[in-house]
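For reference, upload.pdb (PDB, C-alpha atoms):
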ATOM      1  CA  MET T   1     287.524  41.830  14.620
ATOM      2  CA  ILE T   2     288.883  38.445  15.722
ATOM      3  CA  LYS T   3     292.115  38.996  13.760
ATOM      4  CA  ALA T   4     292.434  42.446  15.331
ATOM      5  CA  LYS T   5     292.094  40.992  18.829
ATOM      6  CA  LYS T   6     294.716  38.352  18.135
ATOM      7  CA  MET T   7     297.050  40.980  16.707
ATOM      8  CA  LEU T   8     296.523  43.105  19.812
ATOM      9  CA  ILE T   9     297.368  40.169  22.075
ATOM     10  CA  THR T  10     300.494  39.446  20.046
ATOM     11  CA  LEU T  11     301.554  43.088  20.257
ATOM     12  CA  VAL T  12     301.045  43.028  24.025
ATOM     13  CA  LEU T  13     303.267  39.972  24.307
ATOM     14  CA  VAL T  14     305.927  41.588  22.131
ATOM     15  CA  ALA T  15     305.757  44.742  24.227
ATOM     16  CA  ILE T  16     306.447  42.690  27.332
ATOM     17  CA  VAL T  17     309.529  41.183  25.726
ATOM     18  CA  SER T  18     310.725  44.597  24.538
ATOM     19  CA  GLY T  19     311.221  45.667  28.095
ATOM     20  CA  CYS T  20     308.293  47.316  29.837
ATOM     21  CA  SER T  21     308.892  48.477  33.397
ATOM     22  CA  SER T  22     306.367  46.149  34.976
ATOM     23  CA  LYS T  23     307.460  44.226  38.036
ATOM     24  CA  ASN T  24     306.621  41.030  36.125
ATOM     25  CA  THR T  25     309.030  41.733  33.283
ATOM     26  CA  VAL T  26     311.607  38.970  32.893
ATOM     27  CA  LYS T  27     315.101  40.475  32.896
ATOM     28  CA  GLU T  28     316.921  37.158  32.660
ATOM     29  CA  TYR T  29     318.236  35.691  29.433
ATOM     30  CA  ASP T  30     320.327  32.888  27.971
ATOM     31  CA  LYS T  31     318.843  30.153  30.168
ATOM     32  CA  THR T  32     318.144  26.520  29.414
ATOM     33  CA  ALA T  33     314.741  25.427  28.160
ATOM     34  CA  GLU T  34     314.268  23.510  31.391
ATOM     35  CA  TYR T  35     314.854  26.702  33.398
ATOM     36  CA  TRP T  36     312.225  28.657  31.465
ATOM     37  CA  TYR T  37     309.780  25.751  31.626
ATOM     38  CA  ASP T  38     310.195  25.359  35.388
ATOM     39  CA  SER T  39     309.707  29.112  35.805
ATOM     40  CA  ILE T  40     306.468  28.931  33.793
ATOM     41  CA  THR T  41     305.085  26.092  35.893
ATOM     42  CA  GLN T  42     306.065  27.759  39.171
ATOM     43  CA  ASN T  43     304.345  30.997  38.219
ATOM     44  CA  ILE T  44     301.235  29.196  36.991
ATOM     45  CA  THR T  45     301.099  27.409  40.347
ATOM     46  CA  SER T  46     301.402  30.728  42.174
ATOM     47  CA  SER T  47     298.759  32.298  39.872
ATOM     48  CA  ASN T  48     301.196  34.852  38.465
ATOM     49  CA  LEU T  49     300.156  34.436  34.852
ATOM     50  CA  ASP T  50     301.666  37.715  33.683
ATOM     51  CA  LYS T  51     305.105  36.504  34.680
ATOM     52  CA  ALA T  52     304.395  33.024  33.313
ATOM     53  CA  ASP T  53     303.585  34.675  29.970
ATOM     54  CA  ASN T  54     306.928  36.473  30.102
ATOM     55  CA  TYR T  55     308.813  33.262  30.786
ATOM     56  CA  TYR T  56     306.951  31.591  27.921
ATOM     57  CA  ILE T  57     308.167  34.273  25.541
ATOM     58  CA  SER T  58     311.719  33.687  26.748
ATOM     59  CA  LEU T  59     311.358  29.935  26.211
ATOM     60  CA  ARG T  60     309.927  30.444  22.744
ATOM     61  CA  SER T  61     312.529  33.051  21.788
ATOM     62  CA  GLU T  62     315.606  31.168  22.991
ATOM     63  CA  HIS T  63     314.496  27.579  22.300
ATOM     64  CA  MET T  64     312.151  27.606  19.310
ATOM     65  CA  ARG T  65     312.489  23.848  18.777
ATOM     66  CA  SER T  66     312.296  22.751  22.384
ATOM     67  CA  PRO T  67     310.060  19.710  22.998
ATOM     68  CA  LEU T  68     308.881  21.535  26.132
ATOM     69  CA  LEU T  69     307.113  24.259  24.125
ATOM     70  CA  PRO T  70     303.952  22.294  23.247
ATOM     71  CA  THR T  71     303.335  21.368  26.880
ATOM     72  CA  ALA T  72     304.068  24.905  28.077
ATOM     73  CA  THR T  73     301.696  26.339  25.474
ATOM     74  CA  MET T  74     298.860  24.045  26.499
ATOM     75  CA  MET T  75     299.495  24.645  30.217
ATOM     76  CA  LEU T  76     299.168  28.385  29.711
ATOM     77  CA  ALA T  77     296.007  27.953  27.655
ATOM     78  CA  GLN T  78     294.430  25.938  30.462
ATOM     79  CA  ALA T  79     295.695  28.360  33.123
ATOM     80  CA  HIS T  80     294.181  31.350  31.337
ATOM     81  CA  ILE T  81     290.845  29.563  31.000
ATOM     82  CA  ALA T  82     290.884  28.904  34.747
ATOM     83  CA  ASP T  83     291.730  32.585  35.243
ATOM     84  CA  GLU T  84     288.818  33.571  32.951
ATOM     85  CA  SER T  85     291.220  35.444  30.657
ATOM     86  CA  TYR T  86     289.717  33.826  27.583
ATOM     87  CA  GLN T  87     291.324  35.946  24.879
ATOM     88  CA  MET T  88     294.771  35.005  26.138
ATOM     89  CA  ALA T  89     293.653  31.380  26.329
ATOM     90  CA  ASP T  90     292.490  31.598  22.721
ATOM     91  CA  TYR T  91     295.886  32.988  21.713
ATOM     92  CA  TYR T  92     297.727  30.021  23.246
ATOM     93  CA  ILE T  93     295.278  27.475  21.826
ATOM     94  CA  ASP T  94     295.713  28.912  18.345
ATOM     95  CA  GLU T  95     299.490  28.765  18.804
ATOM     96  CA  TYR T  96     299.202  25.147  19.860
ATOM     97  CA  ILE T  97     296.934  24.164  16.959
ATOM     98  CA  LYS T  98     299.088  25.967  14.407
ATOM     99  CA  LYS T  99     302.492  24.753  15.577
ATOM    100  CA  TYR T 100     302.224  21.668  17.743
ATOM    101  CA  ALA T 101     298.937  19.780  17.361
ATOM    102  CA  SER T 102     298.991  16.309  15.862
ATOM    103  CA  ASN T 103     296.084  14.095  14.879
ATOM    104  CA  GLN T 104     296.094  12.618  18.374
ATOM    105  CA  ASN T 105     295.745  15.888  20.297
ATOM    106  CA  LEU T 106     294.104  18.217  17.764
ATOM    107  CA  GLU T 107     290.674  17.048  18.901
ATOM    108  CA  TYR T 108     291.316  18.111  22.496
ATOM    109  CA  ALA T 109     292.767  21.455  21.383
ATOM    110  CA  LYS T 110     289.665  22.140  19.278
ATOM    111  CA  PHE T 111     287.451  21.247  22.225
ATOM    112  CA  LEU T 112     289.431  23.550  24.513
ATOM    113  CA  LYS T 113     289.016  26.383  21.998
ATOM    114  CA  LEU T 114     285.262  25.771  22.008
ATOM    115  CA  LYS T 115     285.224  25.768  25.783
ATOM    116  CA  ALA T 116     287.040  29.111  25.924
ATOM    117  CA  SER T 117     284.641  30.651  23.400
ATOM    118  CA  PHE T 118     281.614  29.324  25.258
ATOM    119  CA  LEU T 119     282.797  30.613  28.622
ATOM    120  CA  ASN T 120     283.689  33.982  27.105
ATOM    121  CA  ILE T 121     280.004  34.711  26.450
ATOM    122  CA  LYS T 122     279.045  37.156  29.184
ATOM    123  CA  ASP T 123     276.374  39.412  27.711
ATOM    124  CA  ILE T 124     273.991  37.870  25.196
ATOM    125  CA  ASN T 125     273.118  41.290  23.788
ATOM    126  CA  LYS T 126     276.737  42.297  23.161
ATOM    127  CA  ASP T 127     278.080  38.847  22.287
ATOM    128  CA  GLN T 128     275.641  37.882  19.534
ATOM    129  CA  LYS T 129     278.366  37.253  16.946
ATOM    130  CA  LEU T 130     280.370  35.199  19.438
ATOM    131  CA  ILE T 131     277.255  33.117  20.160
ATOM    132  CA  LEU T 132     276.668  32.426  16.453
ATOM    133  CA  ASP T 133     280.347  31.692  15.808
ATOM    134  CA  THR T 134     280.468  29.298  18.760
ATOM    135  CA  ILE T 135     277.336  27.497  17.542
ATOM    136  CA  ASN T 136     278.927  27.077  14.099
ATOM    137  CA  ASP T 137     282.211  25.861  15.593
ATOM    138  CA  ALA T 138     280.402  23.427  17.898
ATOM    139  CA  ASN T 139     278.424  21.991  14.975
ATOM    140  CA  ALA T 140     281.649  21.633  13.002
ATOM    141  CA  PHE T 141     283.291  19.820  15.926
ATOM    142  CA  VAL T 142     280.424  17.327  16.252
ATOM    143  CA  SER T 143     280.479  16.742  12.499
ATOM    144  CA  ARG T 144     284.239  16.161  12.443
ATOM    145  CA  TYR T 145     284.435  14.110  15.656
ATOM    146  CA  PRO T 146     281.091  12.278  15.950
ATOM    147  CA  SER T 147     282.509   9.677  18.346
ATOM    148  CA  SER T 148     284.522  12.079  20.473
ATOM    149  CA  ASP T 149     284.722  11.729  24.234
ATOM    150  CA  TYR T 150     283.781  15.419  24.323
ATOM    151  CA  THR T 151     280.633  15.090  22.201
ATOM    152  CA  SER T 152     278.314  15.083  25.209
ATOM    153  CA  SER T 153     279.831  18.307  26.552
ATOM    154  CA  VAL T 154     279.715  19.963  23.134
ATOM    155  CA  ASN T 155     276.074  18.957  22.641
ATOM    156  CA  THR T 156     275.222  20.421  26.044
ATOM    157  CA  MET T 157     276.957  23.632  24.996
ATOM    158  CA  LEU T 158     274.914  23.649  21.791
ATOM    159  CA  VAL T 159     271.624  23.264  23.659
ATOM    160  CA  ARG T 160     272.478  26.167  25.958
ATOM    161  CA  LEU T 161     273.642  28.307  23.076
ATOM    162  CA  HIS T 162     270.446  27.618  21.143
ATOM    163  CA  MET T 163     268.455  28.454  24.273
ATOM    164  CA  THR T 164     270.333  31.726  24.558
ATOM    165  CA  GLN T 165     269.744  32.531  20.890
ATOM    166  CA  TYR T 166     266.045  31.675  21.199
ATOM    167  CA  MET T 167     265.562  33.937  24.208
ATOM    168  CA  LEU T 168     267.479  36.739  22.534
ATOM    169  CA  ASN T 169     265.281  36.521  19.426
ATOM    170  CA  GLU T 170     262.150  36.595  21.582
ATOM    171  CA  SER T 171     263.455  39.595  23.515
ATOM    172  CA  VAL T 172     264.151  41.509  20.294
ATOM    173  CA  ALA T 173     260.714  40.573  18.914
ATOM    174  CA  ARG T 174     258.999  41.956  22.012
ATOM    175  CA  LEU T 175     261.016  45.153  21.779
ATOM    176  CA  TYR T 176     259.918  45.676  18.175
ATOM    177  CA  GLU T 177     256.308  44.992  19.147
ATOM    178  CA  ARG T 178     256.459  47.689  21.810
ATOM    179  CA  VAL T 179     257.525  50.286  19.251
ATOM    180  CA  GLY T 180     254.940  49.155  16.700
ATOM    181  CA  LYS T 181     257.291  47.419  14.257
ATOM    182  CA  ASP T 182     255.318  44.211  13.852
ATOM    183  CA  GLY T 183     257.095  43.177  10.652
ATOM    184  CA  ALA T 184     260.488  43.212  12.347
ATOM    185  CA  ALA T 185     259.024  41.380  15.356
ATOM    186  CA  GLN T 186     257.653  38.679  13.053
ATOM    187  CA  MET T 187     261.077  38.261  11.424
ATOM    188  CA  TYR T 188     262.646  37.349  14.792
ATOM    189  CA  ARG T 189     259.723  35.072  15.667
ATOM    190  CA  ASP T 190     260.268  33.283  12.349
ATOM    191  CA  LYS T 191     263.894  32.693  13.330
ATOM    192  CA  ASN T 192     262.686  30.897  16.440
ATOM    193  CA  ARG T 193     260.282  28.794  14.411
ATOM    194  CA  ASN T 194     263.322  27.445  12.589
ATOM    195  CA  SER T 195     265.191  26.799  15.846
ATOM    196  CA  VAL T 196     266.092  23.278  16.928
ATOM    197  CA  LEU T 197     264.302  24.114  20.196
ATOM    198  CA  ARG T 198     260.742  24.995  21.105
ATOM    199  CA  GLU T 199     259.588  27.452  23.745
ATOM    200  CA  SER T 200     258.409  24.568  25.948
ATOM    201  CA  ASP T 201     261.994  23.222  25.955
ATOM    202  CA  ILE T 202     263.377  26.378  27.509
ATOM    203  CA  GLU T 203     263.618  27.287  31.149
ATOM    204  CA  ALA T 204     264.865  30.795  31.868
ATOM    205  CA  PRO T 205     268.417  30.382  33.199
ATOM    206  CA  LYS T 206     269.811  31.949  36.301
ATOM    207  CA  GLU T 207     272.402  34.687  35.810
ATOM    208  CA  GLY T 208     275.828  33.349  34.994
ATOM    209  CA  TYR T 209     274.686  29.912  33.863
ATOM    210  CA  LEU T 210     277.008  29.804  30.855
ATOM    211  CA  GLU T 211     280.216  30.189  32.827
ATOM    212  CA  LYS T 212     278.977  27.768  35.515
ATOM    213  CA  PHE T 213     278.580  24.978  32.962
ATOM    214  CA  PHE T 214     282.159  23.729  33.298
ATOM    215  CA  ASN T 215     282.477  24.238  37.059
TER     216      ASN T 215
END
What do you get writing this file as structure tokens?
Amino acid sequence: MIKAKKMLITLVLVAIVSGCSSKNTVKEYDKTAEYWYDSITQNITSSNLDKADNYYISLRSEHMRSPLLPTATMMLAQAHIADESYQMADYYIDEYIKKYASNQNLEYAKFLKLKASFLNIKDINKDQKLILDTINDANAFVSRYPSSDYTSSVNTMLVRLHMTQYMLNESVARLYERVGKDGAAQMYRDKNRNSVLRESDIEAPKEGYLEKFFN
């Protein structure tokens, strides 16, 4: 599923380059790397991310080895997070990690990827796999970077994710109880018994608390 989403995003970007009729399509070509980079930053500033994406493709296509590409890639990742377009943000972060990240900045890129995943959780019933994947990735981050400047934020994410998982398990258990499936209800209660949290640790969150975490 994740690979399919990334492939879809890539195909969308390729389609833009191929010449769709959108008003944001870039019809210019054969420009300097500095020109494309300046165009990206200007369109990010004006919140025209579709056009910024187009200019990024032009920069990447015409200047594959430009030292401006890593910065442009990270800028677009951050801009898409701010725009709440998290799948696009994830695309740029993966590009950055794969092509440009060094030991010095890989840690921040991994944190940014976690942040995008965390903020992309909108519906705990529909996003159960995303919740579990984000918990696993957050645990891996803490294990790999135990002294990171971002550890406190990641641990806070973990607590909220575990709270969400706990409440979801309890909700499913109650649903099974209502339809007389006590065995299934007990299975979900057992999951909560193995949780790092206890019911007394949990306060029911207000709607939208996940995305408000980084505000």
Which residue of T:Ser61, T:Asn155, T:Trp36, T:Tyr188 approaches T:Ser143 most closely, using all atoms listed in the file: T:Asn155
Explicit residues for the PyMOL selection byres ((chain T and resi 99-109) around 10) (as an MDAnalysis selection string): chainID T and resid 67 69:71 73:74 77 93:98 110:115 141 144:145 148:150
Target residues per the PyMOL selection byres ((chain T and resi 116) around 12), formatted as a VMD selection string: chain T and resid 77 to 94 109 to 115 117 to 122 130 134 137 to 138 157 210 to 211 213 to 214
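Of note, atom CA of T:Lys191 and atom CA of T:Tyr166 are spaced 8.2 Å apart.
Here atom CA of T:Tyr56 stands at a distance of 6.5 Å from atom CA of T:Ile40.
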Expected selection from the PyMOL selection byres ((chain T and resi 189) around 10), given as a PyMOL selection string: chain T and resi 166+169-174+183-188+190-195
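Take atom CA of T:Leu132 and atom CA of T:Thr151: the distance between them is 18.7 Å.
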From T:Glu177, T:Ser153, T:Asn139, T:Lys129, residue lying nearest T:Gln165 [only C-alpha atoms]: T:Lys129
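Of the listed residues T:Ile135, T:Ala33, T:Leu49, T:Leu158, the one whose atoms come nearest to T:Leu68 is T:Ala33, with distances taken using only C-alpha atoms.
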Could you add N, CA and C atoms to stretch 134-162 of chain T and give me the result as a PDB file, in the frame of the given file?
ATOM      1  N   THR T 134     280.259  30.468  17.909  1.00  0.00           N
ATOM      2  CA  THR T 134     280.468  29.298  18.760  1.00  0.00           C
ATOM      3  C   THR T 134     279.518  28.170  18.388  1.00  0.00           C
ATOM      4  N   ILE T 135     278.284  28.513  18.028  1.00  0.00           N
ATOM      5  CA  ILE T 135     277.336  27.497  17.542  1.00  0.00           C
ATOM      6  C   ILE T 135     277.886  26.832  16.284  1.00  0.00           C
ATOM      7  N   ASN T 136     278.374  27.632  15.343  1.00  0.00           N
ATOM      8  CA  ASN T 136     278.927  27.077  14.099  1.00  0.00           C
ATOM      9  C   ASN T 136     280.139  26.196  14.377  1.00  0.00           C
ATOM     10  N   ASP T 137     281.015  26.650  15.274  1.00  0.00           N
ATOM     11  CA  ASP T 137     282.211  25.861  15.593  1.00  0.00           C
ATOM     12  C   ASP T 137     281.847  24.564  16.323  1.00  0.00           C
ATOM     13  N   ALA T 138     280.832  24.630  17.180  1.00  0.00           N
ATOM     14  CA  ALA T 138     280.402  23.427  17.898  1.00  0.00           C
ATOM     15  C   ALA T 138     279.795  22.412  16.927  1.00  0.00           C
ATOM     16  N   ASN T 139     278.996  22.890  15.985  1.00  0.00           N
ATOM     17  CA  ASN T 139     278.424  21.991  14.975  1.00  0.00           C
ATOM     18  C   ASN T 139     279.526  21.358  14.126  1.00  0.00           C
ATOM     19  N   ALA T 140     280.536  22.154  13.790  1.00  0.00           N
ATOM     20  CA  ALA T 140     281.649  21.633  13.002  1.00  0.00           C
ATOM     21  C   ALA T 140     282.422  20.578  13.791  1.00  0.00           C
ATOM     22  N   PHE T 141     282.585  20.792  15.084  1.00  0.00           N
ATOM     23  CA  PHE T 141     283.291  19.820  15.926  1.00  0.00           C
ATOM     24  C   PHE T 141     282.535  18.491  15.960  1.00  0.00           C
ATOM     25  N   VAL T 142     281.232  18.552  16.186  1.00  0.00           N
ATOM     26  CA  VAL T 142     280.424  17.327  16.252  1.00  0.00           C
ATOM     27  C   VAL T 142     280.456  16.592  14.918  1.00  0.00           C
ATOM     28  N   SER T 143     280.432  17.360  13.823  1.00  0.00           N
ATOM     29  CA  SER T 143     280.479  16.742  12.499  1.00  0.00           C
ATOM     30  C   SER T 143     281.823  16.064  12.241  1.00  0.00           C
ATOM     31  N   ARG T 144     282.901  16.706  12.690  1.00  0.00           N
ATOM     32  CA  ARG T 144     284.239  16.161  12.443  1.00  0.00           C
ATOM     33  C   ARG T 144     284.584  15.027  13.393  1.00  0.00           C
ATOM     34  N   TYR T 145     284.093  15.117  14.643  1.00  0.00           N
ATOM     35  CA  TYR T 145     284.435  14.110  15.656  1.00  0.00           C
ATOM     36  C   TYR T 145     283.144  13.520  16.248  1.00  0.00           C
ATOM     37  N   PRO T 146     282.392  12.773  15.467  1.00  0.00           N
ATOM     38  CA  PRO T 146     281.091  12.278  15.950  1.00  0.00           C
ATOM     39  C   PRO T 146     281.195  11.297  17.113  1.00  0.00           C
ATOM     40  N   SER T 147     282.337  10.650  17.265  1.00  0.00           N
ATOM     41  CA  SER T 147     282.509   9.677  18.346  1.00  0.00           C
ATOM     42  C   SER T 147     283.437  10.193  19.440  1.00  0.00           C
ATOM     43  N   SER T 148     283.598  11.484  19.508  1.00  0.00           N
ATOM     44  CA  SER T 148     284.522  12.079  20.473  1.00  0.00           C
ATOM     45  C   SER T 148     284.065  11.874  21.909  1.00  0.00           C
ATOM     46  N   ASP T 149     285.035  11.781  22.805  1.00  0.00           N
ATOM     47  CA  ASP T 149     284.722  11.729  24.234  1.00  0.00           C
ATOM     48  C   ASP T 149     284.106  13.039  24.719  1.00  0.00           C
ATOM     49  N   TYR T 150     284.284  14.101  23.934  1.00  0.00           N
ATOM     50  CA  TYR T 150     283.781  15.419  24.323  1.00  0.00           C
ATOM     51  C   TYR T 150     282.429  15.742  23.690  1.00  0.00           C
ATOM     52  N   THR T 151     281.879  14.816  22.921  1.00  0.00           N
ATOM     53  CA  THR T 151     280.633  15.090  22.201  1.00  0.00           C
ATOM     54  C   THR T 151     279.498  15.476  23.140  1.00  0.00           C
ATOM     55  N   SER T 152     279.391  14.780  24.261  1.00  0.00           N
ATOM     56  CA  SER T 152     278.314  15.083  25.209  1.00  0.00           C
ATOM     57  C   SER T 152     278.418  16.518  25.725  1.00  0.00           C
ATOM     58  N   SER T 153     279.631  16.936  26.074  1.00  0.00           N
ATOM     59  CA  SER T 153     279.831  18.307  26.552  1.00  0.00           C
ATOM     60  C   SER T 153     279.528  19.326  25.465  1.00  0.00           C
ATOM     61  N   VAL T 154     279.954  19.038  24.238  1.00  0.00           N
ATOM     62  CA  VAL T 154     279.715  19.963  23.134  1.00  0.00           C
ATOM     63  C   VAL T 154     278.223  20.053  22.835  1.00  0.00           C
ATOM     64  N   ASN T 155     277.515  18.924  22.874  1.00  0.00           N
ATOM     65  CA  ASN T 155     276.074  18.957  22.641  1.00  0.00           C
ATOM     66  C   ASN T 155     275.346  19.745  23.730  1.00  0.00           C
ATOM     67  N   THR T 156     275.814  19.634  24.965  1.00  0.00           N
ATOM     68  CA  THR T 156     275.222  20.421  26.044  1.00  0.00           C
ATOM     69  C   THR T 156     275.466  21.910  25.810  1.00  0.00           C
ATOM     70  N   MET T 157     276.668  22.244  25.359  1.00  0.00           N
ATOM     71  CA  MET T 157     276.957  23.632  24.996  1.00  0.00           C
ATOM     72  C   MET T 157     275.999  24.106  23.915  1.00  0.00           C
ATOM     73  N   LEU T 158     275.787  23.276  22.899  1.00  0.00           N
ATOM     74  CA  LEU T 158     274.914  23.649  21.791  1.00  0.00           C
ATOM     75  C   LEU T 158     273.489  23.923  22.270  1.00  0.00           C
ATOM     76  N   VAL T 159     272.977  23.060  23.141  1.00  0.00           N
ATOM     77  CA  VAL T 159     271.624  23.264  23.659  1.00  0.00           C
ATOM     78  C   VAL T 159     271.531  24.606  24.372  1.00  0.00           C
ATOM     79  N   ARG T 160     272.508  24.903  25.206  1.00  0.00           N
ATOM     80  CA  ARG T 160     272.478  26.167  25.958  1.00  0.00           C
ATOM     81  C   ARG T 160     272.652  27.370  25.046  1.00  0.00           C
ATOM     82  N   LEU T 161     273.472  27.221  24.028  1.00  0.00           N
ATOM     83  CA  LEU T 161     273.642  28.307  23.076  1.00  0.00           C
ATOM     84  C   LEU T 161     272.369  28.548  22.276  1.00  0.00           C
ATOM     85  N   HIS T 162     271.714  27.471  21.869  1.00  0.00           N
ATOM     86  CA  HIS T 162     270.446  27.618  21.143  1.00  0.00           C
ATOM     87  C   HIS T 162     269.369  28.220  22.051  1.00  0.00           C
TER      88      HIS T 162
END
